[in-house]
Amino acid sequence: MRKIKAGVIGAGVISNIYLKNLTGMFSNIVEVKAVADLVQELARKRADEYNIPHVYTVDELLADSEIEIVLNL
C-alpha cells in the first residue's frame, strides 16, 4: 500500500504526541514529509527528533504538491 504524505504545521508541545504516533504507530500508512512552525528552530528540533526530512515555512509546506494531508496543530 502506498503511504500518504503528510505535513504538520505547528511544532509546539502537542506536536510531540502527533509526531510520535504518525512516525511510529501509523508509519506503515503515513509518511511525514515536513514540519513547519513560525519558530523555525522549534520546527527543526521536531524534525530532528522524529527524522522528518524537511523543515518548511507554512507557505512552503502548503505549496508542496507532494503533501496530501496537512495537520494544522
# chains A, B, ... in the order shown; residues from 1 in each chain; ligands from 1

call {"tool": "select_by_dssp", "arguments": {"residues": "chain A", "states": "alpha helix (DSSP H)", "output": "number ranges by chain"}}
result
A: 15-23, 40-50, 58-63

call {"tool": "write_last_selection", "arguments": {"atoms": "C-alpha atoms", "output": "CSV table (one decimal), in the first residue's frame"}}
result
chain,number,residue,atom,x,y,z
A,15,SER,CA,3.0,18.1,18.3
A,16,ASN,CA,5.0,15.5,20.3
A,17,ILE,CA,2.2,13.1,20.6
A,18,TYR,CA,1.0,13.6,17.0
A,19,LEU,CA,4.5,13.1,15.6
A,20,LYS,CA,5.2,10.1,17.8
A,21,ASN,CA,2.1,8.4,16.6
A,22,LEU,CA,2.5,9.4,12.9
A,23,THR,CA,6.1,8.2,12.8
A,40,GLN,CA,12.0,27.7,12.6
A,41,GLU,CA,14.2,26.4,15.5
A,42,LEU,CA,11.3,24.6,17.0
A,43,ALA,CA,10.4,23.0,13.7
A,44,ARG,CA,14.0,21.9,13.2
A,45,LYS,CA,14.0,20.4,16.7
A,46,ARG,CA,10.9,18.3,15.9
A,47,ALA,CA,12.2,17.3,12.5
A,48,ASP,CA,15.5,16.1,14.2
A,49,GLU,CA,13.6,14.2,16.9
A,50,TYR,CA,11.3,12.4,14.6
A,58,VAL,CA,4.0,27.4,6.5
A,59,ASP,CA,3.8,28.8,2.9
A,60,GLU,CA,6.4,26.3,1.6
A,61,LEU,CA,4.5,23.4,3.3
A,62,LEU,CA,1.2,24.4,1.8
A,63,ALA,CA,2.8,24.8,-1.7

call {"tool": "residues_around", "arguments": {"residues": "His54 of chain A", "least_positions_apart": "6", "cutoff": "7 Å", "atoms": "only C-alpha atoms", "output": "JSON, numbers by chain"}}
result
{"A": [33, 34, 35]}

call {"tool": "atom_distance", "arguments": {"atom1": "atom CA of Ala11 of chain A", "atom2": "atom CA of Asp37 of chain A"}}
result
5.7 Å

call {"tool": "select_by_dssp", "arguments": {"residues": "chain A", "states": "strand (DSSP E)", "output": "PDB file with C-alpha atoms, in the first residue's frame"}}
result
ATOM      1  CA  ILE A   4       0.100   9.103   2.348  1.00  0.00           C
ATOM      2  CA  LYS A   5       2.473  12.065   2.529  1.00  0.00           C
ATOM      3  CA  ALA A   6       1.665  14.430   5.367  1.00  0.00           C
ATOM      4  CA  GLY A   7       2.847  17.805   6.551  1.00  0.00           C
ATOM      5  CA  VAL A   8       2.485  19.108  10.090  1.00  0.00           C
ATOM      6  CA  ILE A   9       2.021  22.788  10.879  1.00  0.00           C
ATOM      7  CA  VAL A  30       1.697   7.790   6.658  1.00  0.00           C
ATOM      8  CA  GLU A  31       4.990   9.418   5.761  1.00  0.00           C
ATOM      9  CA  VAL A  32       5.571  12.756   7.489  1.00  0.00           C
ATOM     10  CA  LYS A  33       7.406  14.711   4.823  1.00  0.00           C
ATOM     11  CA  ALA A  34       7.693  18.094   6.509  1.00  0.00           C
ATOM     12  CA  VAL A  35       7.075  20.115   9.625  1.00  0.00           C
ATOM     13  CA  ALA A  36       6.564  23.882   9.801  1.00  0.00           C
ATOM     14  CA  HIS A  54      12.043  18.763   5.610  1.00  0.00           C
ATOM     15  CA  VAL A  55      11.572  21.895   7.673  1.00  0.00           C
ATOM     16  CA  TYR A  56       9.451  24.399   5.806  1.00  0.00           C
ATOM     17  CA  ILE A  69      -2.665  15.854   4.137  1.00  0.00           C
ATOM     18  CA  VAL A  70      -1.888  18.852   6.331  1.00  0.00           C
ATOM     19  CA  LEU A  71      -2.307  18.653  10.090  1.00  0.00           C
ATOM     20  CA  ASN A  72      -2.686  22.157  11.459  1.00  0.00           C
TER      21      ASN A  72
END
